[in-house]
Structure formats: C-alpha cells, structure tokens
>>> print(open('start.csv').read())   # CSV, N, CA and C atoms
chain,number,residue,atom,x,y,z
O,1,MET,N,-28.0,-15.7,-18.2
O,1,MET,CA,-26.9,-15.1,-17.5
O,1,MET,C,-27.2,-13.7,-17.1
O,2,ASP,N,-27.0,-13.3,-15.9
O,2,ASP,CA,-27.3,-12.0,-15.3
O,2,ASP,C,-26.1,-11.1,-15.6
O,3,ALA,N,-26.3,-10.0,-16.3
O,3,ALA,CA,-25.2,-9.1,-16.7
O,3,ALA,C,-24.7,-8.3,-15.5
O,4,LEU,N,-25.6,-8.0,-14.5
O,4,LEU,CA,-25.1,-7.3,-13.3
O,4,LEU,C,-24.2,-8.2,-12.5
O,5,THR,N,-24.5,-9.4,-12.4
O,5,THR,CA,-23.6,-10.4,-11.7
O,5,THR,C,-22.3,-10.5,-12.3
O,6,VAL,N,-22.3,-10.6,-13.7
O,6,VAL,CA,-21.0,-10.6,-14.4
O,6,VAL,C,-20.2,-9.4,-14.1
O,7,LEU,N,-20.8,-8.2,-14.2
O,7,LEU,CA,-20.0,-7.0,-13.9
O,7,LEU,C,-19.5,-6.9,-12.5
O,8,ALA,N,-20.3,-7.3,-11.5
O,8,ALA,CA,-19.9,-7.3,-10.1
O,8,ALA,C,-18.8,-8.2,-9.9
O,9,LEU,N,-18.8,-9.4,-10.4
O,9,LEU,CA,-17.8,-10.4,-10.2
O,9,LEU,C,-16.5,-10.0,-11.0
O,10,ALA,N,-16.7,-9.3,-12.1
O,10,ALA,CA,-15.5,-8.8,-12.8
O,10,ALA,C,-14.7,-7.9,-11.9
O,11,GLY,N,-15.4,-7.0,-11.2
O,11,GLY,CA,-14.7,-6.1,-10.3
O,11,GLY,C,-14.1,-6.9,-9.1
O,12,PHE,N,-14.7,-8.0,-8.7
O,12,PHE,CA,-14.2,-8.8,-7.6
O,12,PHE,C,-13.0,-9.6,-8.2
O,13,GLY,N,-13.0,-10.0,-9.4
O,13,GLY,CA,-11.8,-10.7,-10.0
O,13,GLY,C,-10.7,-9.8,-10.1
O,14,SER,N,-10.9,-8.5,-10.5
O,14,SER,CA,-9.9,-7.5,-10.6
O,14,SER,C,-9.3,-7.3,-9.2
O,15,THR,N,-10.1,-7.1,-8.2
O,15,THR,CA,-9.7,-6.9,-6.8
O,15,THR,C,-8.8,-8.1,-6.3
O,16,ALA,N,-9.3,-9.3,-6.6
O,16,ALA,CA,-8.5,-10.5,-6.2
O,16,ALA,C,-7.1,-10.5,-6.9
O,17,TYR,N,-7.1,-10.2,-8.1
O,17,TYR,CA,-5.8,-10.1,-8.8
O,17,TYR,C,-4.9,-9.1,-8.2
O,18,LEU,N,-5.3,-7.9,-8.0
O,18,LEU,CA,-4.5,-6.8,-7.5
O,18,LEU,C,-4.1,-7.1,-6.0
O,19,THR,N,-4.9,-7.7,-5.2
O,19,THR,CA,-4.6,-8.1,-3.9
O,19,THR,C,-3.5,-9.2,-3.8
O,20,THR,N,-3.7,-10.1,-4.7
O,20,THR,CA,-2.7,-11.2,-4.8
O,20,THR,C,-1.4,-10.7,-5.3
O,21,LEU,N,-1.4,-9.8,-6.3
O,21,LEU,CA,-0.1,-9.2,-6.8
O,21,LEU,C,0.6,-8.4,-5.7
O,22,SER,N,-0.1,-7.6,-4.9
O,22,SER,CA,0.5,-6.9,-3.8
O,22,SER,C,1.0,-7.8,-2.7
O,23,THR,N,0.3,-8.8,-2.4
O,23,THR,CA,0.7,-9.7,-1.4
O,23,THR,C,2.0,-10.5,-1.8
O,24,VAL,N,2.0,-10.9,-3.0
O,24,VAL,CA,3.2,-11.7,-3.5
O,24,VAL,C,4.4,-10.7,-3.6
O,25,LYS,N,4.2,-9.5,-4.0
O,25,LYS,CA,5.4,-8.5,-4.0
O,25,LYS,C,5.9,-8.3,-2.6
O,26,TRP,N,5.0,-8.2,-1.6
O,26,TRP,CA,5.4,-8.0,-0.2
O,26,TRP,C,6.1,-9.2,0.3
O,27,LEU,N,5.6,-10.4,0.0
O,27,LEU,CA,6.2,-11.6,0.4
O,27,LEU,C,7.6,-11.8,-0.1
O,28,ASN,N,7.8,-11.3,-1.3
O,28,ASN,CA,9.2,-11.5,-1.9
O,28,ASN,C,10.2,-10.6,-1.2
O,29,GLN,N,9.8,-9.7,-0.4
O,29,GLN,CA,10.8,-8.9,0.4
O,29,GLN,C,11.0,-9.5,1.8
O,30,GLN,N,10.3,-10.5,2.1
O,30,GLN,CA,10.4,-11.1,3.5
O,30,GLN,C,11.5,-12.2,3.5
O,31,ALA,N,11.8,-12.7,4.7
O,31,ALA,CA,12.7,-13.8,4.9
O,31,ALA,C,12.2,-15.0,4.1
O,32,SER,N,13.1,-15.9,3.8
O,32,SER,CA,12.8,-17.1,3.0
O,32,SER,C,11.7,-18.0,3.7
O,33,GLY,N,11.8,-18.2,5.0
O,33,GLY,CA,10.8,-19.1,5.6
O,33,GLY,C,9.4,-18.5,5.6
O,34,MET,N,9.3,-17.2,5.8
O,34,MET,CA,8.1,-16.5,5.8
O,34,MET,C,7.5,-16.4,4.4
O,35,LYS,N,8.4,-16.3,3.4
O,35,LYS,CA,8.0,-16.2,2.0
O,35,LYS,C,7.3,-17.5,1.6
O,36,VAL,N,8.0,-18.6,1.9
O,36,VAL,CA,7.4,-19.9,1.5
O,36,VAL,C,6.0,-20.1,2.2
O,37,ALA,N,6.0,-19.9,3.5
O,37,ALA,CA,4.7,-20.1,4.2
O,37,ALA,C,3.6,-19.2,3.7
O,38,GLY,N,4.0,-17.9,3.4
O,38,GLY,CA,3.0,-16.9,2.9
O,38,GLY,C,2.5,-17.3,1.5
O,39,LEU,N,3.4,-17.8,0.6
O,39,LEU,CA,3.0,-18.2,-0.7
O,39,LEU,C,2.1,-19.5,-0.7
O,40,VAL,N,2.3,-20.3,0.3
O,40,VAL,CA,1.5,-21.5,0.5
O,40,VAL,C,0.1,-21.1,0.9
O,41,VAL,N,0.0,-20.1,1.8
O,41,VAL,CA,-1.3,-19.6,2.3
O,41,VAL,C,-2.0,-18.9,1.2
O,42,VAL,N,-1.3,-18.1,0.4
O,42,VAL,CA,-1.9,-17.4,-0.7
O,42,VAL,C,-2.5,-18.4,-1.7
O,43,GLY,N,-1.7,-19.4,-2.0
O,43,GLY,CA,-2.2,-20.5,-2.9
O,43,GLY,C,-3.4,-21.2,-2.4
O,44,MET,N,-3.4,-21.5,-1.1
O,44,MET,CA,-4.6,-22.1,-0.6
O,44,MET,C,-5.9,-21.2,-0.6
O,45,VAL,N,-5.7,-20.0,-0.3
O,45,VAL,CA,-6.8,-19.0,-0.4
O,45,VAL,C,-7.3,-18.9,-1.8
O,46,LEU,N,-6.4,-18.8,-2.8
O,46,LEU,CA,-6.8,-18.7,-4.2
O,46,LEU,C,-7.5,-20.0,-4.6
O,47,CYS,N,-7.1,-21.1,-4.2
O,47,CYS,CA,-7.7,-22.4,-4.6
O,47,CYS,C,-9.1,-22.5,-4.0
O,48,ALA,N,-9.3,-22.0,-2.7
O,48,ALA,CA,-10.6,-22.0,-2.1
O,48,ALA,C,-11.5,-21.0,-2.8
O,49,LEU,N,-11.0,-19.9,-3.2
O,49,LEU,CA,-11.8,-18.9,-3.9
O,49,LEU,C,-12.2,-19.4,-5.2
O,50,ILE,N,-11.3,-19.9,-6.0
O,50,ILE,CA,-11.7,-20.4,-7.3
O,50,ILE,C,-12.6,-21.6,-7.2
O,51,GLY,N,-12.5,-22.5,-6.2
O,51,GLY,CA,-13.4,-23.6,-6.0
O,51,GLY,C,-14.8,-23.1,-5.7
O,52,THR,N,-14.9,-22.1,-4.9
O,52,THR,CA,-16.2,-21.5,-4.5
O,52,THR,C,-16.8,-20.9,-5.7
O,53,ILE,N,-16.1,-20.2,-6.5
O,53,ILE,CA,-16.6,-19.5,-7.7
O,53,ILE,C,-17.0,-20.6,-8.8
O,54,ALA,N,-16.2,-21.6,-8.9
O,54,ALA,CA,-16.6,-22.7,-9.9
O,54,ALA,C,-17.9,-23.4,-9.5
O,55,ASN,N,-18.2,-23.4,-8.2
O,55,ASN,CA,-19.4,-24.1,-7.7
O,55,ASN,C,-20.6,-23.2,-7.9
O,56,ALA,N,-20.4,-21.9,-8.1
O,56,ALA,CA,-21.5,-20.9,-8.2
O,56,ALA,C,-22.1,-21.0,-9.6
O,57,SER,N,-22.9,-20.0,-10.0
O,57,SER,CA,-23.5,-20.0,-11.3
O,57,SER,C,-22.5,-19.7,-12.4
O,58,GLN,N,-23.0,-19.9,-13.6
O,58,GLN,CA,-22.1,-19.6,-14.8
O,58,GLN,C,-21.8,-18.1,-14.9
O,59,SER,N,-22.7,-17.2,-14.6
O,59,SER,CA,-22.4,-15.8,-14.7
O,59,SER,C,-21.4,-15.4,-13.7
O,60,VAL,N,-21.4,-16.0,-12.5
O,60,VAL,CA,-20.4,-15.7,-11.5
O,60,VAL,C,-19.0,-16.1,-12.0
O,61,ALA,N,-18.9,-17.3,-12.5
O,61,ALA,CA,-17.6,-17.7,-13.0
O,61,ALA,C,-17.1,-16.9,-14.2
O,62,ILE,N,-18.0,-16.6,-15.1
O,62,ILE,CA,-17.6,-15.7,-16.3
O,62,ILE,C,-17.1,-14.4,-15.8
O,63,GLY,N,-17.9,-13.7,-14.9
O,63,GLY,CA,-17.5,-12.4,-14.4
O,63,GLY,C,-16.1,-12.4,-13.7
O,64,PHE,N,-15.9,-13.4,-12.9
O,64,PHE,CA,-14.6,-13.5,-12.2
O,64,PHE,C,-13.4,-13.7,-13.2
O,65,ILE,N,-13.6,-14.5,-14.2
O,65,ILE,CA,-12.6,-14.8,-15.2
O,65,ILE,C,-12.3,-13.5,-16.0
O,66,VAL,N,-13.4,-12.8,-16.4
O,66,VAL,CA,-13.3,-11.6,-17.2
O,66,VAL,C,-12.4,-10.5,-16.4
O,67,GLY,N,-12.8,-10.4,-15.1
O,67,GLY,CA,-12.0,-9.4,-14.3
O,67,GLY,C,-10.6,-9.8,-14.1
O,68,GLY,N,-10.3,-11.1,-13.9
O,68,GLY,CA,-8.9,-11.5,-13.8
O,68,GLY,C,-8.1,-11.4,-15.0
O,69,VAL,N,-8.8,-11.6,-16.2
O,69,VAL,CA,-8.0,-11.5,-17.5
O,69,VAL,C,-7.8,-10.1,-17.9
O,70,ILE,N,-8.8,-9.2,-17.7
O,70,ILE,CA,-8.7,-7.9,-18.2
O,70,ILE,C,-7.7,-7.0,-17.3
O,71,THR,N,-7.7,-7.3,-16.0
O,71,THR,CA,-6.9,-6.4,-15.1
O,71,THR,C,-5.4,-6.4,-15.4
O,72,PRO,N,-4.7,-7.5,-15.6
O,72,PRO,CA,-3.2,-7.3,-15.8
O,72,PRO,C,-2.8,-6.4,-16.9
O,73,PRO,N,-3.4,-6.4,-18.1
O,73,PRO,CA,-2.9,-5.5,-19.1
O,73,PRO,C,-3.3,-4.0,-18.8
O,74,VAL,N,-4.5,-3.9,-18.2
O,74,VAL,CA,-4.9,-2.5,-17.8
O,74,VAL,C,-4.0,-2.0,-16.7
O,75,HIS,N,-3.7,-2.8,-15.7
O,75,HIS,CA,-2.8,-2.4,-14.7
O,75,HIS,C,-1.4,-2.0,-15.2
O,76,ARG,N,-0.9,-2.8,-16.1
O,76,ARG,CA,0.4,-2.4,-16.7
O,76,ARG,C,0.3,-1.1,-17.5
O,77,TRP,N,-0.8,-0.9,-18.2
O,77,TRP,CA,-0.9,0.3,-19.0
O,77,TRP,C,-1.0,1.6,-18.0
O,78,ILE,N,-1.7,1.4,-16.9
O,78,ILE,CA,-1.8,2.5,-15.9
O,78,ILE,C,-0.4,2.8,-15.4
O,79,LEU,N,0.4,1.8,-15.1
O,79,LEU,CA,1.7,2.1,-14.5
O,79,LEU,C,2.7,2.7,-15.5
O,80,GLN,N,2.5,2.5,-16.8
O,80,GLN,CA,3.4,3.0,-17.8
O,80,GLN,C,3.0,4.4,-18.3
O,81,ARG,N,1.8,4.9,-17.9
O,81,ARG,CA,1.4,6.2,-18.4
O,81,ARG,C,2.4,7.3,-17.9
O,82,PRO,N,2.7,8.3,-18.7
O,82,PRO,CA,3.5,9.4,-18.1
O,82,PRO,C,2.6,10.2,-17.1
O,83,ARG,N,3.2,10.5,-16.0
O,83,ARG,CA,2.6,11.3,-15.0
O,83,ARG,C,2.9,12.8,-15.2
O,84,PRO,N,1.9,13.6,-15.1
O,84,PRO,CA,2.1,15.0,-15.3
O,84,PRO,C,2.9,15.6,-14.0
O,85,VAL,N,3.8,16.5,-14.3
O,85,VAL,CA,4.6,17.1,-13.2
O,85,VAL,C,3.8,18.2,-12.6
O,86,ALA,N,3.6,18.3,-11.3
O,86,ALA,CA,2.9,19.4,-10.7
O,86,ALA,C,3.7,20.7,-10.8
O,87,SER,N,3.1,21.7,-11.2
O,87,SER,CA,3.8,23.0,-11.3
O,87,SER,C,3.1,24.0,-10.5
O,88,PHE,N,3.8,24.8,-9.8
O,88,PHE,CA,3.2,25.8,-8.9
O,88,PHE,C,3.5,27.2,-9.4
>>> encode(input="start.csv", output="structure tokens")
Amino acid sequence: MDALTVLALAGFGSTAYLTTLSTVKWLNQQASGMKVAGLVVVGMVLCALIGTIANASQSVAIGFIVGGVITPPVHRWILQRPRPVASF
C-alpha cells in the first residue's frame, strides 16, 4: 500500500464530501423540481465516483474512505469554534 496515495486520496475524499455537502445545501434552497433533479444527478455522480474508486487499487479506496470519514467531525468542529472578534 502506497502511503502517499492514501494521503492524496484522503484529501480527495474530504473534497468530495465538502463539495457534496455544499451542493445539497444549495439544492435544498431551490424549487422542488430542480431539487429532485439535482439530487438525482448528485447521486449518480457519487455512484460513478465510488465505482471508479472501488475499481482502483486498495490504497486508493482506503484513502478515499479515510478522507470521507474524518472530514464530517472535523468540519463540525471547525464550524463550532469560537471566532475571535476583530478589534481596532
């Protein structure tokens, strides 16, 4: 297993998670017909992406899964941190 491949695909898995999250949040604000069509397209893209990754090497699949699993709790933690107030 190639460690650099795992790390690279962990970043890709994280990016895929955050892109999907943003797209679904945006689709939830749209009209009902567009929301359904958009969610179907997002699902098809994710299925194709996961199928491609599953067909690749073991280190690619492990890296993608690690990135996708670690990102949600880290993203929640980042959003919950108190932000410092700028003072002039």
>>> closest_atom_pairs(input="start.csv", of="region 49-88 of chain O", to="region 7-20 of chain O", cutoff="7 Å", atoms="only N, CA and C atoms", output="Markdown table")
| residue | atom | partner | partner_atom | distance |
| --- | --- | --- | --- | --- |
| O:Val60 | CA | O:Leu9 | CA | 6.0 |
| O:Ile62 | C | O:Ala10 | N | 6.3 |
| O:Gly63 | C | O:Ala10 | N | 3.5 |
| O:Phe64 | N | O:Leu9 | C | 3.9 |
| O:Ile65 | N | O:Gly13 | CA | 5.9 |
| O:Val66 | C | O:Ala10 | CA | 5.0 |
| O:Gly67 | C | O:Ser14 | N | 3.8 |
| O:Gly68 | N | O:Gly13 | C | 4.0 |
| O:Val69 | N | O:Gly13 | C | 6.6 |
| O:Thr71 | CA | O:Ser14 | CA | 5.5 |
>>> closest_residue(input="start.csv", among="O:Cys47, O:Leu21, O:Met34, O:Val85", to="Pro72 (chain O)", atoms="only C-alpha atoms")
O:Leu21
>>> atom_distance(input="start.csv", atom1="CA of Val40 (chain O)", atom2="CA of Ala54 (chain O)")
20.9 Å
>>> select_by_dssp(input="start.csv", residues="chain O", states="helix (DSSP H, G or I)", output="JSON, numbers by chain")
{"O": [3, 4, 5, 6, 7, 8, 9, 10, 11, 12, 13, 14, 15, 16, 17, 18, 19, 20, 21, 22, 23, 24, 25, 26, 27, 32, 33, 34, 35, 36, 37, 38, 39, 40, 41, 42, 43, 44, 45, 46, 47, 48, 49, 50, 51, 52, 53, 54, 55, 58, 59, 60, 61, 62, 63, 64, 65, 66, 67, 68, 69, 70, 71, 72, 73, 74, 75, 76, 77, 78, 79, 80]}
>>> atom_distance(input="start.csv", atom1="CA of Val42 (chain O)", atom2="CA of Gln30 (chain O)")
14.4 Å
>>> atom_distance(input="start.csv", atom1="CA of His75 (chain O)", atom2="CA of Ala3 (chain O)")
23.5 Å
>>> build_atoms(input="start.csv", residues="region 37-57 of chain O", atoms="N, CA, C and O atoms", output="PDB file, in the frame of the given file")
ATOM      1  N   ALA O  37       6.000 -19.900   3.500  1.00  0.00           N
ATOM      2  CA  ALA O  37       4.700 -20.100   4.200  1.00  0.00           C
ATOM      3  C   ALA O  37       3.600 -19.200   3.700  1.00  0.00           C
ATOM      4  O   ALA O  37       2.487 -19.561   3.474  1.00  0.00           O
ATOM      5  N   GLY O  38       4.000 -17.900   3.400  1.00  0.00           N
ATOM      6  CA  GLY O  38       3.000 -16.900   2.900  1.00  0.00           C
ATOM      7  C   GLY O  38       2.500 -17.300   1.500  1.00  0.00           C
ATOM      8  O   GLY O  38       1.325 -17.213   1.204  1.00  0.00           O
ATOM      9  N   LEU O  39       3.400 -17.800   0.600  1.00  0.00           N
ATOM     10  CA  LEU O  39       3.000 -18.200  -0.700  1.00  0.00           C
ATOM     11  C   LEU O  39       2.100 -19.500  -0.700  1.00  0.00           C
ATOM     12  O   LEU O  39       1.142 -19.566  -1.440  1.00  0.00           O
ATOM     13  N   VAL O  40       2.300 -20.300   0.300  1.00  0.00           N
ATOM     14  CA  VAL O  40       1.500 -21.500   0.500  1.00  0.00           C
ATOM     15  C   VAL O  40       0.100 -21.100   0.900  1.00  0.00           C
ATOM     16  O   VAL O  40      -0.931 -21.528   0.356  1.00  0.00           O
ATOM     17  N   VAL O  41       0.000 -20.100   1.800  1.00  0.00           N
ATOM     18  CA  VAL O  41      -1.300 -19.600   2.300  1.00  0.00           C
ATOM     19  C   VAL O  41      -2.000 -18.900   1.200  1.00  0.00           C
ATOM     20  O   VAL O  41      -3.218 -19.112   0.989  1.00  0.00           O
ATOM     21  N   VAL O  42      -1.300 -18.100   0.400  1.00  0.00           N
ATOM     22  CA  VAL O  42      -1.900 -17.400  -0.700  1.00  0.00           C
ATOM     23  C   VAL O  42      -2.500 -18.400  -1.700  1.00  0.00           C
ATOM     24  O   VAL O  42      -3.587 -18.233  -2.216  1.00  0.00           O
ATOM     25  N   GLY O  43      -1.700 -19.400  -2.000  1.00  0.00           N
ATOM     26  CA  GLY O  43      -2.200 -20.500  -2.900  1.00  0.00           C
ATOM     27  C   GLY O  43      -3.400 -21.200  -2.400  1.00  0.00           C
ATOM     28  O   GLY O  43      -4.342 -21.441  -3.194  1.00  0.00           O
ATOM     29  N   MET O  44      -3.400 -21.500  -1.100  1.00  0.00           N
ATOM     30  CA  MET O  44      -4.600 -22.100  -0.600  1.00  0.00           C
ATOM     31  C   MET O  44      -5.900 -21.200  -0.600  1.00  0.00           C
ATOM     32  O   MET O  44      -6.948 -21.718  -0.956  1.00  0.00           O
ATOM     33  N   VAL O  45      -5.700 -20.000  -0.300  1.00  0.00           N
ATOM     34  CA  VAL O  45      -6.800 -19.000  -0.400  1.00  0.00           C
ATOM     35  C   VAL O  45      -7.300 -18.900  -1.800  1.00  0.00           C
ATOM     36  O   VAL O  45      -8.523 -18.927  -2.068  1.00  0.00           O
ATOM     37  N   LEU O  46      -6.400 -18.800  -2.800  1.00  0.00           N
ATOM     38  CA  LEU O  46      -6.800 -18.700  -4.200  1.00  0.00           C
ATOM     39  C   LEU O  46      -7.500 -20.000  -4.600  1.00  0.00           C
ATOM     40  O   LEU O  46      -8.536 -19.910  -5.370  1.00  0.00           O
ATOM     41  N   CYS O  47      -7.100 -21.100  -4.200  1.00  0.00           N
ATOM     42  CA  CYS O  47      -7.700 -22.400  -4.600  1.00  0.00           C
ATOM     43  C   CYS O  47      -9.100 -22.500  -4.000  1.00  0.00           C
ATOM     44  O   CYS O  47     -10.082 -22.865  -4.675  1.00  0.00           O
ATOM     45  N   ALA O  48      -9.300 -22.000  -2.700  1.00  0.00           N
ATOM     46  CA  ALA O  48     -10.600 -22.000  -2.100  1.00  0.00           C
ATOM     47  C   ALA O  48     -11.500 -21.000  -2.800  1.00  0.00           C
ATOM     48  O   ALA O  48     -12.699 -21.341  -3.066  1.00  0.00           O
ATOM     49  N   LEU O  49     -11.000 -19.900  -3.200  1.00  0.00           N
ATOM     50  CA  LEU O  49     -11.800 -18.900  -3.900  1.00  0.00           C
ATOM     51  C   LEU O  49     -12.200 -19.400  -5.200  1.00  0.00           C
ATOM     52  O   LEU O  49     -13.414 -19.243  -5.592  1.00  0.00           O
ATOM     53  N   ILE O  50     -11.300 -19.900  -6.000  1.00  0.00           N
ATOM     54  CA  ILE O  50     -11.700 -20.400  -7.300  1.00  0.00           C
ATOM     55  C   ILE O  50     -12.600 -21.600  -7.200  1.00  0.00           C
ATOM     56  O   ILE O  50     -13.554 -21.731  -8.026  1.00  0.00           O
ATOM     57  N   GLY O  51     -12.500 -22.500  -6.200  1.00  0.00           N
ATOM     58  CA  GLY O  51     -13.400 -23.600  -6.000  1.00  0.00           C
ATOM     59  C   GLY O  51     -14.800 -23.100  -5.700  1.00  0.00           C
ATOM     60  O   GLY O  51     -15.790 -23.636  -6.221  1.00  0.00           O
ATOM     61  N   THR O  52     -14.900 -22.100  -4.900  1.00  0.00           N
ATOM     62  CA  THR O  52     -16.200 -21.500  -4.500  1.00  0.00           C
ATOM     63  C   THR O  52     -16.800 -20.900  -5.700  1.00  0.00           C
ATOM     64  O   THR O  52     -18.043 -21.082  -5.968  1.00  0.00           O
ATOM     65  N   ILE O  53     -16.100 -20.200  -6.500  1.00  0.00           N
ATOM     66  CA  ILE O  53     -16.600 -19.500  -7.700  1.00  0.00           C
ATOM     67  C   ILE O  53     -17.000 -20.600  -8.800  1.00  0.00           C
ATOM     68  O   ILE O  53     -18.049 -20.440  -9.417  1.00  0.00           O
ATOM     69  N   ALA O  54     -16.200 -21.600  -8.900  1.00  0.00           N
ATOM     70  CA  ALA O  54     -16.600 -22.700  -9.900  1.00  0.00           C
ATOM     71  C   ALA O  54     -17.900 -23.400  -9.500  1.00  0.00           C
ATOM     72  O   ALA O  54     -18.582 -23.873 -10.357  1.00  0.00           O
ATOM     73  N   ASN O  55     -18.200 -23.400  -8.200  1.00  0.00           N
ATOM     74  CA  ASN O  55     -19.400 -24.100  -7.700  1.00  0.00           C
ATOM     75  C   ASN O  55     -20.600 -23.200  -7.900  1.00  0.00           C
ATOM     76  O   ASN O  55     -21.727 -23.656  -7.777  1.00  0.00           O
ATOM     77  N   ALA O  56     -20.400 -21.900  -8.100  1.00  0.00           N
ATOM     78  CA  ALA O  56     -21.500 -20.900  -8.200  1.00  0.00           C
ATOM     79  C   ALA O  56     -22.100 -21.000  -9.600  1.00  0.00           C
ATOM     80  O   ALA O  56     -21.738 -21.868 -10.415  1.00  0.00           O
ATOM     81  N   SER O  57     -22.900 -20.000 -10.000  1.00  0.00           N
ATOM     82  CA  SER O  57     -23.500 -20.000 -11.300  1.00  0.00           C
ATOM     83  C   SER O  57     -22.500 -19.700 -12.400  1.00  0.00           C
ATOM     84  O   SER O  57     -21.438 -19.184 -12.131  1.00  0.00           O
TER      85      SER O  57
END
